[in-house]
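run00.tsv (TSV, N, CA and C atoms and all ligand atoms)
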chain	number	residue	atom	x	y	z
A	1	MET	N	0.85	-1.19	0.00
A	1	MET	CA	0.00	0.00	0.00
A	1	MET	C	0.89	1.24	0.00
A	2	HIS	N	1.16	1.78	-1.19
A	2	HIS	CA	2.11	2.89	-1.23
A	2	HIS	C	1.50	4.21	-0.79
A	3	GLU	N	0.17	4.23	-0.63
A	3	GLU	CA	-0.45	5.45	-0.12
A	3	GLU	C	0.07	5.80	1.27
A	4	LEU	N	0.47	4.77	2.05
A	4	LEU	CA	0.94	5.04	3.40
A	4	LEU	C	2.25	5.84	3.37
A	5	SER	N	3.15	5.50	2.46
A	5	SER	CA	4.41	6.25	2.39
A	5	SER	C	4.15	7.66	1.87
A	6	ILE	N	3.18	7.79	1.00
A	6	ILE	CA	2.83	9.12	0.48
A	6	ILE	C	2.19	9.96	1.59
A	7	ALA	N	1.28	9.34	2.33
A	7	ALA	CA	0.62	10.04	3.44
A	7	ALA	C	1.64	10.45	4.49
A	8	THR	N	2.61	9.57	4.76
A	8	THR	CA	3.66	9.89	5.72
A	8	THR	C	4.48	11.09	5.26
A	9	ALA	N	4.78	11.14	3.98
A	9	ALA	CA	5.54	12.27	3.43
A	9	ALA	C	4.73	13.56	3.54
A	10	ILE	N	3.44	13.49	3.29
A	10	ILE	CA	2.56	14.66	3.39
A	10	ILE	C	2.53	15.16	4.83
A	11	VAL	N	2.36	14.21	5.77
A	11	VAL	CA	2.31	14.56	7.19
A	11	VAL	C	3.63	15.18	7.64
A	12	GLU	N	4.76	14.59	7.22
A	12	GLU	CA	6.07	15.11	7.62
A	12	GLU	C	6.29	16.53	7.11
A	13	GLN	N	5.89	16.76	5.87
A	13	GLN	CA	6.09	18.09	5.28
A	13	GLN	C	5.21	19.14	5.96
A	14	ALA	N	3.95	18.78	6.21
A	14	ALA	CA	3.03	19.71	6.87
A	14	ALA	C	3.42	19.93	8.33
A	15	ASP	N	3.91	18.88	8.96
A	15	ASP	CA	4.33	18.95	10.36
A	15	ASP	C	5.51	19.93	10.48
A	16	GLU	N	6.43	19.84	9.51
A	16	GLU	CA	7.60	20.70	9.50
A	16	GLU	C	7.19	22.16	9.30
A	17	THR	N	6.23	22.37	8.39
A	17	THR	CA	5.73	23.72	8.14
A	17	THR	C	5.09	24.29	9.40
A	18	ALA	N	4.32	23.45	10.09
A	18	ALA	CA	3.66	23.90	11.32
A	18	ALA	C	4.69	24.30	12.37
A	19	ARG	N	5.79	23.55	12.45
A	19	ARG	CA	6.82	23.84	13.44
A	19	ARG	C	7.53	25.16	13.16
A	20	THR	N	7.70	25.50	11.89
A	20	THR	CA	8.35	26.76	11.57
A	20	THR	C	7.46	27.95	11.91
A	21	HIS	N	6.19	27.68	12.15
A	21	HIS	CA	5.25	28.74	12.53
A	21	HIS	C	4.89	28.65	14.01
A	22	GLY	N	5.74	28.03	14.79
A	22	GLY	CA	5.47	27.92	16.21
A	22	GLY	C	4.88	26.58	16.57
A	23	THR	N	3.91	26.60	17.47
A	23	THR	CA	3.35	25.34	17.95
A	23	THR	C	1.90	25.17	17.55
A	24	ARG	N	1.48	25.90	16.53
A	24	ARG	CA	0.08	25.79	16.12
A	24	ARG	C	-0.18	24.46	15.40
A	25	PRO	N	-1.27	23.82	15.78
A	25	PRO	CA	-1.61	22.57	15.08
A	25	PRO	C	-2.11	22.86	13.66
A	26	VAL	N	-2.04	21.85	12.84
A	26	VAL	CA	-2.52	21.99	11.47
A	26	VAL	C	-4.01	21.67	11.43
A	27	ALA	N	-4.80	22.57	10.82
A	27	ALA	CA	-6.24	22.36	10.74
A	27	ALA	C	-6.61	21.55	9.50
A	28	ALA	N	-5.90	21.80	8.41
A	28	ALA	CA	-6.22	21.10	7.17
A	28	ALA	C	-5.04	21.12	6.19
A	29	VAL	N	-4.94	20.06	5.43
A	29	VAL	CA	-3.92	19.97	4.39
A	29	VAL	C	-4.66	19.69	3.08
A	30	THR	N	-4.31	20.47	2.06
A	30	THR	CA	-4.94	20.25	0.76
A	30	THR	C	-3.90	19.66	-0.19
A	31	VAL	N	-4.27	18.56	-0.83
A	31	VAL	CA	-3.36	17.94	-1.80
A	31	VAL	C	-4.07	17.78	-3.13
A	32	ARG	N	-3.31	17.96	-4.20
A	32	ARG	CA	-3.84	17.73	-5.54
A	32	ARG	C	-3.41	16.34	-5.98
A	33	VAL	N	-4.36	15.54	-6.36
A	33	VAL	CA	-4.06	14.17	-6.77
A	33	VAL	C	-4.56	13.97	-8.20
A	34	GLY	N	-3.63	13.77	-9.09
A	34	GLY	CA	-3.98	13.55	-10.48
A	34	GLY	C	-4.57	12.17	-10.72
A	35	GLU	N	-5.42	12.10	-11.71
A	35	GLU	CA	-6.09	10.84	-12.06
A	35	GLU	C	-5.08	9.75	-12.42
A	36	LEU	N	-3.92	10.15	-12.96
A	36	LEU	CA	-2.91	9.18	-13.37
A	36	LEU	C	-1.74	9.07	-12.39
A	37	SER	N	-1.91	9.65	-11.19
A	37	SER	CA	-0.81	9.64	-10.22
A	37	SER	C	-0.63	8.28	-9.57
A	38	GLY	N	-1.62	7.42	-9.72
A	38	GLY	CA	-1.53	6.09	-9.13
A	38	GLY	C	-1.99	6.06	-7.68
A	39	VAL	N	-2.49	7.20	-7.20
A	39	VAL	CA	-2.94	7.27	-5.81
A	39	VAL	C	-4.47	7.20	-5.77
A	40	VAL	N	-4.97	6.32	-4.91
A	40	VAL	CA	-6.40	6.19	-4.73
A	40	VAL	C	-6.79	7.12	-3.57
A	41	PRO	N	-7.60	8.17	-3.84
A	41	PRO	CA	-7.96	9.13	-2.81
A	41	PRO	C	-8.48	8.52	-1.52
A	42	ALA	N	-9.33	7.50	-1.61
A	42	ALA	CA	-9.89	6.88	-0.41
A	42	ALA	C	-8.80	6.18	0.40
A	43	ALA	N	-7.87	5.54	-0.30
A	43	ALA	CA	-6.76	4.85	0.38
A	43	ALA	C	-5.82	5.88	1.01
A	44	LEU	N	-5.65	7.01	0.33
A	44	LEU	CA	-4.79	8.06	0.86
A	44	LEU	C	-5.40	8.64	2.13
A	45	ALA	N	-6.72	8.84	2.12
A	45	ALA	CA	-7.41	9.38	3.29
A	45	ALA	C	-7.27	8.44	4.48
A	46	PHE	N	-7.37	7.14	4.20
A	46	PHE	CA	-7.23	6.14	5.26
A	46	PHE	C	-5.80	6.15	5.81
A	47	ALA	N	-4.83	6.20	4.91
A	47	ALA	CA	-3.42	6.20	5.31
A	47	ALA	C	-3.07	7.47	6.08
A	48	PHE	N	-3.70	8.57	5.69
A	48	PHE	CA	-3.47	9.85	6.36
A	48	PHE	C	-3.89	9.77	7.83
A	49	ASP	N	-5.03	9.12	8.08
A	49	ASP	CA	-5.52	8.95	9.45
A	49	ASP	C	-4.51	8.20	10.31
A	50	VAL	N	-3.80	7.26	9.70
A	50	VAL	CA	-2.80	6.47	10.42
A	50	VAL	C	-1.53	7.29	10.61
A	51	ALA	N	-1.09	7.95	9.53
A	51	ALA	CA	0.18	8.66	9.54
A	51	ALA	C	0.20	9.91	10.43
A	52	ARG	N	-0.97	10.53	10.62
A	52	ARG	CA	-0.99	11.80	11.35
A	52	ARG	C	-0.94	11.63	12.87
A	53	ASP	N	-1.09	10.41	13.35
A	53	ASP	CA	-1.10	10.16	14.79
A	53	ASP	C	0.15	10.71	15.47
A	54	GLY	N	-0.05	11.47	16.55
A	54	GLY	CA	1.07	11.97	17.32
A	54	GLY	C	1.85	13.11	16.69
A	55	THR	N	1.30	13.74	15.65
A	55	THR	CA	1.98	14.87	15.02
A	55	THR	C	1.11	16.12	15.17
A	56	ALA	N	1.60	17.24	14.62
A	56	ALA	CA	0.83	18.49	14.65
A	56	ALA	C	-0.43	18.37	13.81
A	57	LEU	N	-0.56	17.26	13.10
A	57	LEU	CA	-1.72	17.07	12.23
A	57	LEU	C	-2.76	16.12	12.85
A	58	ALA	N	-2.58	15.82	14.14
A	58	ALA	CA	-3.45	14.84	14.79
A	58	ALA	C	-4.94	15.07	14.58
A	59	SER	N	-5.36	16.36	14.46
A	59	SER	CA	-6.79	16.61	14.23
A	59	SER	C	-7.02	17.32	12.90
A	60	ALA	N	-6.05	17.20	12.03
A	60	ALA	CA	-6.15	17.88	10.73
A	60	ALA	C	-7.04	17.13	9.75
A	61	ALA	N	-7.66	17.90	8.86
A	61	ALA	CA	-8.48	17.31	7.82
A	61	ALA	C	-7.64	17.21	6.55
A	62	LEU	N	-7.87	16.17	5.79
A	62	LEU	CA	-7.19	16.03	4.51
A	62	LEU	C	-8.19	16.38	3.41
A	63	VAL	N	-7.82	17.38	2.62
A	63	VAL	CA	-8.69	17.79	1.52
A	63	VAL	C	-8.01	17.34	0.23
A	64	VAL	N	-8.69	16.46	-0.49
A	64	VAL	CA	-8.12	15.95	-1.74
A	64	VAL	C	-8.80	16.61	-2.93
A	65	GLU	N	-7.98	17.26	-3.76
A	65	GLU	CA	-8.49	17.86	-5.00
A	65	GLU	C	-8.09	16.92	-6.12
A	66	GLU	N	-9.09	16.26	-6.71
A	66	GLU	CA	-8.78	15.34	-7.78
A	66	GLU	C	-8.66	16.09	-9.10
A	67	VAL	N	-7.58	15.78	-9.83
A	67	VAL	CA	-7.33	16.44	-11.10
A	67	VAL	C	-7.52	15.44	-12.23
A	68	ALA	N	-8.43	15.76	-13.14
A	68	ALA	CA	-8.70	14.86	-14.26
A	68	ALA	C	-7.52	14.85	-15.22
A	69	ALA	N	-7.30	13.70	-15.84
A	69	ALA	CA	-6.22	13.58	-16.82
A	69	ALA	C	-6.71	14.16	-18.14
A	70	ARG	N	-5.98	15.16	-18.65
A	70	ARG	CA	-6.35	15.79	-19.90
A	70	ARG	C	-5.12	15.92	-20.80
A	71	ALA	N	-5.36	15.77	-22.08
A	71	ALA	CA	-4.27	15.90	-23.04
A	71	ALA	C	-4.60	17.02	-24.03
A	72	HIS	N	-3.58	17.49	-24.71
A	72	HIS	CA	-3.76	18.57	-25.68
A	72	HIS	C	-3.24	18.09	-27.03
A	73	CYS	N	-4.04	18.37	-28.06
A	73	CYS	CA	-3.64	17.98	-29.41
A	73	CYS	C	-3.06	19.22	-30.10
A	74	GLY	N	-1.80	19.15	-30.47
A	74	GLY	CA	-1.14	20.27	-31.11
A	74	GLY	C	-1.77	20.71	-32.42
A	75	PRO	N	-1.94	19.80	-33.36
A	75	PRO	CA	-2.47	20.17	-34.69
A	75	PRO	C	-3.81	20.90	-34.67
A	76	CYS	N	-4.74	20.49	-33.79
A	76	CYS	CA	-6.06	21.13	-33.82
A	76	CYS	C	-6.36	21.92	-32.56
A	77	ASP	N	-5.42	21.96	-31.60
A	77	ASP	CA	-5.57	22.74	-30.38
A	77	ASP	C	-6.72	22.28	-29.49
A	78	GLU	N	-7.12	21.02	-29.65
A	78	GLU	CA	-8.21	20.47	-28.84
A	78	GLU	C	-7.64	19.94	-27.52
A	79	GLU	N	-8.35	20.21	-26.41
A	79	GLU	CA	-7.96	19.62	-25.14
A	79	GLU	C	-9.03	18.61	-24.78
A	80	PHE	N	-8.61	17.41	-24.40
A	80	PHE	CA	-9.60	16.37	-24.14
A	80	PHE	C	-9.22	15.49	-22.96
A	81	ALA	N	-10.24	14.90	-22.32
A	81	ALA	CA	-10.03	13.99	-21.19
A	81	ALA	C	-9.51	12.67	-21.74
A	82	VAL	N	-8.47	12.11	-21.09
A	82	VAL	CA	-7.91	10.85	-21.59
A	82	VAL	C	-8.46	9.64	-20.84
A	83	GLY	N	-9.05	9.90	-19.65
A	83	GLY	CA	-9.66	8.80	-18.90
A	83	GLY	C	-8.65	7.86	-18.27
A	84	THR	N	-9.15	6.83	-17.60
A	84	THR	CA	-8.28	5.82	-17.01
A	84	THR	C	-8.78	4.44	-17.40
A	85	PRO	N	-7.94	3.55	-17.91
A	85	PRO	CA	-6.55	3.84	-18.27
A	85	PRO	C	-6.50	4.87	-19.40
A	86	PRO	N	-5.42	5.66	-19.44
A	86	PRO	CA	-5.35	6.75	-20.42
A	86	PRO	C	-5.36	6.27	-21.87
A	87	PHE	N	-6.15	6.99	-22.66
A	87	PHE	CA	-6.25	6.67	-24.08
A	87	PHE	C	-6.00	7.98	-24.83
A	88	PHE	N	-4.80	8.10	-25.39
A	88	PHE	CA	-4.41	9.34	-26.03
A	88	PHE	C	-4.83	9.39	-27.49
A	89	TRP	N	-6.06	9.82	-27.68
A	89	TRP	CA	-6.58	9.88	-29.04
A	89	TRP	C	-7.45	11.12	-29.16
A	90	CYS	N	-7.06	12.02	-30.04
A	90	CYS	CA	-7.81	13.27	-30.18
A	90	CYS	C	-9.19	13.00	-30.79
A	91	PRO	N	-10.25	13.41	-30.07
A	91	PRO	CA	-11.60	13.17	-30.57
A	91	PRO	C	-11.97	14.06	-31.76
A	92	ARG	N	-11.24	15.16	-31.93
A	92	ARG	CA	-11.59	16.08	-33.02
A	92	ARG	C	-10.97	15.63	-34.35
A	93	CYS	N	-9.65	15.36	-34.35
A	93	CYS	CA	-9.04	14.98	-35.63
A	93	CYS	C	-8.79	13.48	-35.73
A	94	ASP	N	-9.28	12.73	-34.74
A	94	ASP	CA	-9.21	11.27	-34.81
A	94	ASP	C	-7.79	10.76	-35.06
A	95	GLN	N	-6.84	11.30	-34.29
A	95	GLN	CA	-5.45	10.87	-34.41
A	95	GLN	C	-4.85	10.73	-33.03
A	96	PRO	N	-3.77	9.93	-32.91
A	96	PRO	CA	-3.13	9.81	-31.59
A	96	PRO	C	-2.49	11.13	-31.17
A	97	SER	N	-2.58	11.41	-29.87
A	97	SER	CA	-1.99	12.63	-29.34
A	97	SER	C	-1.41	12.34	-27.98
A	98	GLN	N	-0.19	12.75	-27.75
A	98	GLN	CA	0.51	12.41	-26.50
A	98	GLN	C	0.69	13.58	-25.54
A	99	GLY	N	0.17	14.74	-25.90
A	99	GLY	CA	0.44	15.92	-25.08
A	99	GLY	C	-0.31	15.98	-23.77
A	100	LEU	N	0.17	15.23	-22.78
A	100	LEU	CA	-0.51	15.23	-21.49
A	100	LEU	C	-0.39	16.60	-20.81
A	101	ARG	N	-1.53	17.17	-20.44
A	101	ARG	CA	-1.55	18.49	-19.81
A	101	ARG	C	-1.67	18.39	-18.29
A	102	SER	N	-2.44	17.42	-17.83
A	102	SER	CA	-2.64	17.28	-16.39
A	102	SER	C	-3.01	15.84	-16.09
A	103	GLY	N	-2.91	15.47	-14.81
A	103	GLY	CA	-3.31	14.12	-14.41
A	103	GLY	C	-2.26	13.39	-13.60
A	104	ARG	N	-1.01	13.92	-13.60
A	104	ARG	CA	0.04	13.24	-12.83
A	104	ARG	C	0.38	13.98	-11.54
A	105	GLU	N	-0.44	14.95	-11.18
A	105	GLU	CA	-0.17	15.75	-9.99
A	105	GLU	C	-0.19	14.93	-8.71
A	106	LEU	N	0.72	15.25	-7.82
A	106	LEU	CA	0.72	14.70	-6.47
A	106	LEU	C	1.51	15.69	-5.64
A	107	GLU	N	0.79	16.67	-5.10
A	107	GLU	CA	1.48	17.76	-4.42
A	107	GLU	C	0.60	18.40	-3.36
A	108	ILE	N	1.26	18.96	-2.36
A	108	ILE	CA	0.54	19.70	-1.32
A	108	ILE	C	0.32	21.11	-1.87
A	109	THR	N	-0.91	21.57	-1.87
A	109	THR	CA	-1.17	22.92	-2.38
A	109	THR	C	-1.56	23.89	-1.28
A	110	GLY	N	-1.86	23.35	-0.10
A	110	GLY	CA	-2.23	24.25	0.98
A	110	GLY	C	-2.12	23.60	2.35
A	111	ILE	N	-1.61	24.37	3.31
A	111	ILE	CA	-1.54	23.90	4.69
A	111	ILE	C	-2.16	24.99	5.53
A	112	GLU	N	-3.26	24.64	6.20
A	112	GLU	CA	-3.99	25.61	7.00
A	112	GLU	C	-3.72	25.36	8.48
A	113	LEU	N	-3.18	26.37	9.15
A	113	LEU	CA	-2.88	26.22	10.56
A	113	LEU	C	-4.09	26.64	11.39
A	114	ALA	N	-4.26	25.97	12.50
A	114	ALA	CA	-5.40	26.28	13.38
A	114	ALA	C	-5.17	27.59	14.10
A	115	GLU	N	-6.26	28.29	14.37
A	115	GLU	CA	-6.16	29.53	15.12
A	115	GLU	C	-5.95	29.19	16.59
A	116	VAL	N	-5.03	29.87	17.23
A	116	VAL	CA	-4.80	29.62	18.64
A	116	VAL	C	-5.32	30.82	19.44
A	117	ALA	N	-6.21	30.54	20.37
A	117	ALA	CA	-6.80	31.61	21.19
A	117	ALA	C	-5.72	32.30	22.02
A	118	GLY	N	-5.82	33.60	22.14
A	118	GLY	CA	-4.89	34.37	22.95
A	118	GLY	C	-3.65	34.64	22.12
A	201	ZN	ZN	-6.64	16.99	-32.72
Using C-alpha cells, write down the structure from this file.
Amino acid sequence: MHELSIATAIVEQADETARTHGTRPVAAVTVRVGELSGVVPAALAFAFDVARDGTALASAALVVEEVAARAHCGPCDEEFAVGTPPFFWCPRCDQPSQGLRSGRELEITGIELAEVAG
C-alpha cells in the first residue's frame, strides 16, 4: 500500500511547516491528486488517518483535490479527457496525441494552521 508512504511524506512536510510557525496545530492539508498519479484518494485518506497520529496534524483534515487527466492535441488545439486507463486519441481529428496536460499531480497545495486563542 504505497499510499501510506505518500501520506507519511505529506504529514512530515506539513508537520515541519507547522513547526516553523510555532506550535500551532494543522487544521487542514490540501493535496492535488492527479487521475494518473496512481494514488487512490480513499486509500490516501485512510493512510493519512494512520500517519498523522502523534503529530501536529493529529486533528487535521485532509482535503483531496482530484485532477482529471487531460491531453492537448497540437495540430487542432483540442484539449480532451484521456480517462483511465489513459487513451491518447484526439476526438476532433481522430489521431493519436501524446500531449498530457494534467493528471500526474501529487502535491501539497495548501496547509492551514489552526487559530490559537490568545
Ligand atoms: Zn486533434
Within-6 Å residues of ligand ZN 201 (chain A), basis all atoms listed in the file, as a VMD selection string: chain A and resid 73 to 78 90 to 95
Export of prior selection with N, CA and C atoms as an mmCIF file, keeping the file's coordinate frame:
data_model
loop_
_atom_site.group_PDB
_atom_site.id
_atom_site.type_symbol
_atom_site.label_atom_id
_atom_site.label_comp_id
_atom_site.auth_asym_id
_atom_site.auth_seq_id
_atom_site.Cartn_x
_atom_site.Cartn_y
_atom_site.Cartn_z
ATOM 1 N N CYS A 73 -4.040 18.370 -28.060
ATOM 2 C CA CYS A 73 -3.640 17.980 -29.410
ATOM 3 C C CYS A 73 -3.060 19.220 -30.100
ATOM 4 N N GLY A 74 -1.800 19.150 -30.470
ATOM 5 C CA GLY A 74 -1.140 20.270 -31.110
ATOM 6 C C GLY A 74 -1.770 20.710 -32.420
ATOM 7 N N PRO A 75 -1.940 19.800 -33.360
ATOM 8 C CA PRO A 75 -2.470 20.170 -34.690
ATOM 9 C C PRO A 75 -3.810 20.900 -34.670
ATOM 10 N N CYS A 76 -4.740 20.490 -33.790
ATOM 11 C CA CYS A 76 -6.060 21.130 -33.820
ATOM 12 C C CYS A 76 -6.360 21.920 -32.560
ATOM 13 N N ASP A 77 -5.420 21.960 -31.600
ATOM 14 C CA ASP A 77 -5.570 22.740 -30.380
ATOM 15 C C ASP A 77 -6.720 22.280 -29.490
ATOM 16 N N GLU A 78 -7.120 21.020 -29.650
ATOM 17 C CA GLU A 78 -8.210 20.470 -28.840
ATOM 18 C C GLU A 78 -7.640 19.940 -27.520
ATOM 19 N N CYS A 90 -7.060 12.020 -30.040
ATOM 20 C CA CYS A 90 -7.810 13.270 -30.180
ATOM 21 C C CYS A 90 -9.190 13.000 -30.790
ATOM 22 N N PRO A 91 -10.250 13.410 -30.070
ATOM 23 C CA PRO A 91 -11.600 13.170 -30.570
ATOM 24 C C PRO A 91 -11.970 14.060 -31.760
ATOM 25 N N ARG A 92 -11.240 15.160 -31.930
ATOM 26 C CA ARG A 92 -11.590 16.080 -33.020
ATOM 27 C C ARG A 92 -10.970 15.630 -34.350
ATOM 28 N N CYS A 93 -9.650 15.360 -34.350
ATOM 29 C CA CYS A 93 -9.040 14.980 -35.630
ATOM 30 C C CYS A 93 -8.790 13.480 -35.730
ATOM 31 N N ASP A 94 -9.280 12.730 -34.740
ATOM 32 C CA ASP A 94 -9.210 11.270 -34.810
ATOM 33 C C ASP A 94 -7.790 10.760 -35.060
ATOM 34 N N GLN A 95 -6.840 11.300 -34.290
ATOM 35 C CA GLN A 95 -5.450 10.870 -34.410
ATOM 36 C C GLN A 95 -4.850 10.730 -33.030
#
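Atom pair CA of Glu35 in chain A / CA of Asp15 in chain A has a distance of 26.0 Å (rounded to one decimal).
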Backbone DSSP call of strand (DSSP E) for range 3-104 of chain A, listed as a PyMOL selection string: chain A and resi 26-34+61-67+70-72+79-81+89-90+95-96+99-102
Å distance separating atom N of Leu36 in chain A from atom N of Glu107 in chain A, one decimal place: 11.2 Å
Residue neighbourhood Thr84 in chain A, 8 Å, all atoms listed in the file, exclusion window fewer than 2 positions, as a PyMOL selection string: chain A and resi 35-36+69+81-82+86-87
Exercise: Ala9 in chain A partners within 12 Å, only C-alpha atoms, chain neighbours under 3 positions left out, as a PyMOL selection string: chain A and resi 2-6+12-16+31+44+47-48+51-52+106-108
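What separates CA of Val26 in chain A from CA of Glu115 in chain A is a distance of 9.1 Å.
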Helix (DSSP H, G or I) call set, DSSP backbone run, range 34-77 of chain A, as an MDAnalysis selection string: chainID A and resid 41:51
Within 7 Å of Val29 in chain A using all atoms listed in the file, minus same-chain residues under 2 positions, as JSON, numbers by chain: {"A": [26, 27, 31, 60, 61, 62, 63, 64, 108, 109, 110, 111, 112]}
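Using only C-alpha atoms for every distance, the candidate list A:Ala71, A:Ile10, A:Val33, A:Leu57 yields A:Ala71 as the residue closest to Leu100 in chain A.
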Spatial sel., origin (-1.8, 13.9, -23.9), limit 5 Å, only N, CA and C atoms, listed as a list in words: Arg70, Ala71, His72, Ser97, Gln98, Gly99, Leu100 and Arg101 of chain A
Protein and nucleic acid residues near (-4.0, 9.3, -9.3) (cut-off 8 Å, all atoms listed in the file) as JSON, numbers by chain: {"A": [32, 33, 34, 35, 36, 37, 38, 39, 40, 41, 66, 67, 103, 104, 105, 106]}
Box centre and edge lengths (Å, one decimal), axis-aligned, range 67-83 of chain A plus 6 Å each side, as lines of an AutoDock Vina configuration file:
center_x = -5.7
center_y = 15.3
center_z = -22.3
size_x = 21.1
size_y = 26.9
size_z = 36.9
N, CA, C and O atoms are what I want for range 18-30 of chain A; can you complete it accordingly and write them as a PDB file, in the frame of the given file?
ATOM      1  N   ALA A  18       4.320  23.450  10.090  1.00  0.00           N
ATOM      2  CA  ALA A  18       3.660  23.900  11.320  1.00  0.00           C
ATOM      3  C   ALA A  18       4.690  24.300  12.370  1.00  0.00           C
ATOM      4  O   ALA A  18       4.529  25.294  13.069  1.00  0.00           O
ATOM      5  N   ARG A  19       5.790  23.550  12.450  1.00  0.00           N
ATOM      6  CA  ARG A  19       6.820  23.840  13.440  1.00  0.00           C
ATOM      7  C   ARG A  19       7.530  25.160  13.160  1.00  0.00           C
ATOM      8  O   ARG A  19       7.914  25.870  14.090  1.00  0.00           O
ATOM      9  N   THR A  20       7.700  25.500  11.890  1.00  0.00           N
ATOM     10  CA  THR A  20       8.350  26.760  11.570  1.00  0.00           C
ATOM     11  C   THR A  20       7.460  27.950  11.910  1.00  0.00           C
ATOM     12  O   THR A  20       7.905  29.071  11.962  1.00  0.00           O
ATOM     13  N   HIS A  21       6.190  27.680  12.150  1.00  0.00           N
ATOM     14  CA  HIS A  21       5.250  28.740  12.530  1.00  0.00           C
ATOM     15  C   HIS A  21       4.890  28.650  14.010  1.00  0.00           C
ATOM     16  O   HIS A  21       3.847  29.119  14.434  1.00  0.00           O
ATOM     17  N   GLY A  22       5.740  28.030  14.790  1.00  0.00           N
ATOM     18  CA  GLY A  22       5.470  27.920  16.210  1.00  0.00           C
ATOM     19  C   GLY A  22       4.880  26.580  16.570  1.00  0.00           C
ATOM     20  O   GLY A  22       5.278  25.552  16.041  1.00  0.00           O
ATOM     21  N   THR A  23       3.910  26.600  17.470  1.00  0.00           N
ATOM     22  CA  THR A  23       3.350  25.340  17.950  1.00  0.00           C
ATOM     23  C   THR A  23       1.900  25.170  17.550  1.00  0.00           C
ATOM     24  O   THR A  23       1.161  24.414  18.167  1.00  0.00           O
ATOM     25  N   ARG A  24       1.480  25.900  16.530  1.00  0.00           N
ATOM     26  CA  ARG A  24       0.080  25.790  16.120  1.00  0.00           C
ATOM     27  C   ARG A  24      -0.180  24.460  15.400  1.00  0.00           C
ATOM     28  O   ARG A  24       0.596  24.054  14.535  1.00  0.00           O
ATOM     29  N   PRO A  25      -1.270  23.820  15.780  1.00  0.00           N
ATOM     30  CA  PRO A  25      -1.610  22.570  15.080  1.00  0.00           C
ATOM     31  C   PRO A  25      -2.110  22.860  13.660  1.00  0.00           C
ATOM     32  O   PRO A  25      -2.532  23.972  13.357  1.00  0.00           O
ATOM     33  N   VAL A  26      -2.040  21.850  12.840  1.00  0.00           N
ATOM     34  CA  VAL A  26      -2.520  21.990  11.470  1.00  0.00           C
ATOM     35  C   VAL A  26      -4.010  21.670  11.430  1.00  0.00           C
ATOM     36  O   VAL A  26      -4.450  20.650  11.961  1.00  0.00           O
ATOM     37  N   ALA A  27      -4.800  22.570  10.820  1.00  0.00           N
ATOM     38  CA  ALA A  27      -6.240  22.360  10.740  1.00  0.00           C
ATOM     39  C   ALA A  27      -6.610  21.550   9.500  1.00  0.00           C
ATOM     40  O   ALA A  27      -7.515  20.716   9.533  1.00  0.00           O
ATOM     41  N   ALA A  28      -5.900  21.800   8.410  1.00  0.00           N
ATOM     42  CA  ALA A  28      -6.220  21.100   7.170  1.00  0.00           C
ATOM     43  C   ALA A  28      -5.040  21.120   6.190  1.00  0.00           C
ATOM     44  O   ALA A  28      -4.255  22.059   6.182  1.00  0.00           O
ATOM     45  N   VAL A  29      -4.940  20.060   5.430  1.00  0.00           N
ATOM     46  CA  VAL A  29      -3.920  19.970   4.390  1.00  0.00           C
ATOM     47  C   VAL A  29      -4.660  19.690   3.080  1.00  0.00           C
ATOM     48  O   VAL A  29      -5.523  18.817   3.023  1.00  0.00           O
ATOM     49  N   THR A  30      -4.310  20.470   2.060  1.00  0.00           N
ATOM     50  CA  THR A  30      -4.940  20.250   0.760  1.00  0.00           C
ATOM     51  C   THR A  30      -3.900  19.660  -0.190  1.00  0.00           C
ATOM     52  O   THR A  30      -2.783  20.167  -0.297  1.00  0.00           O
TER      53      THR A  30
END
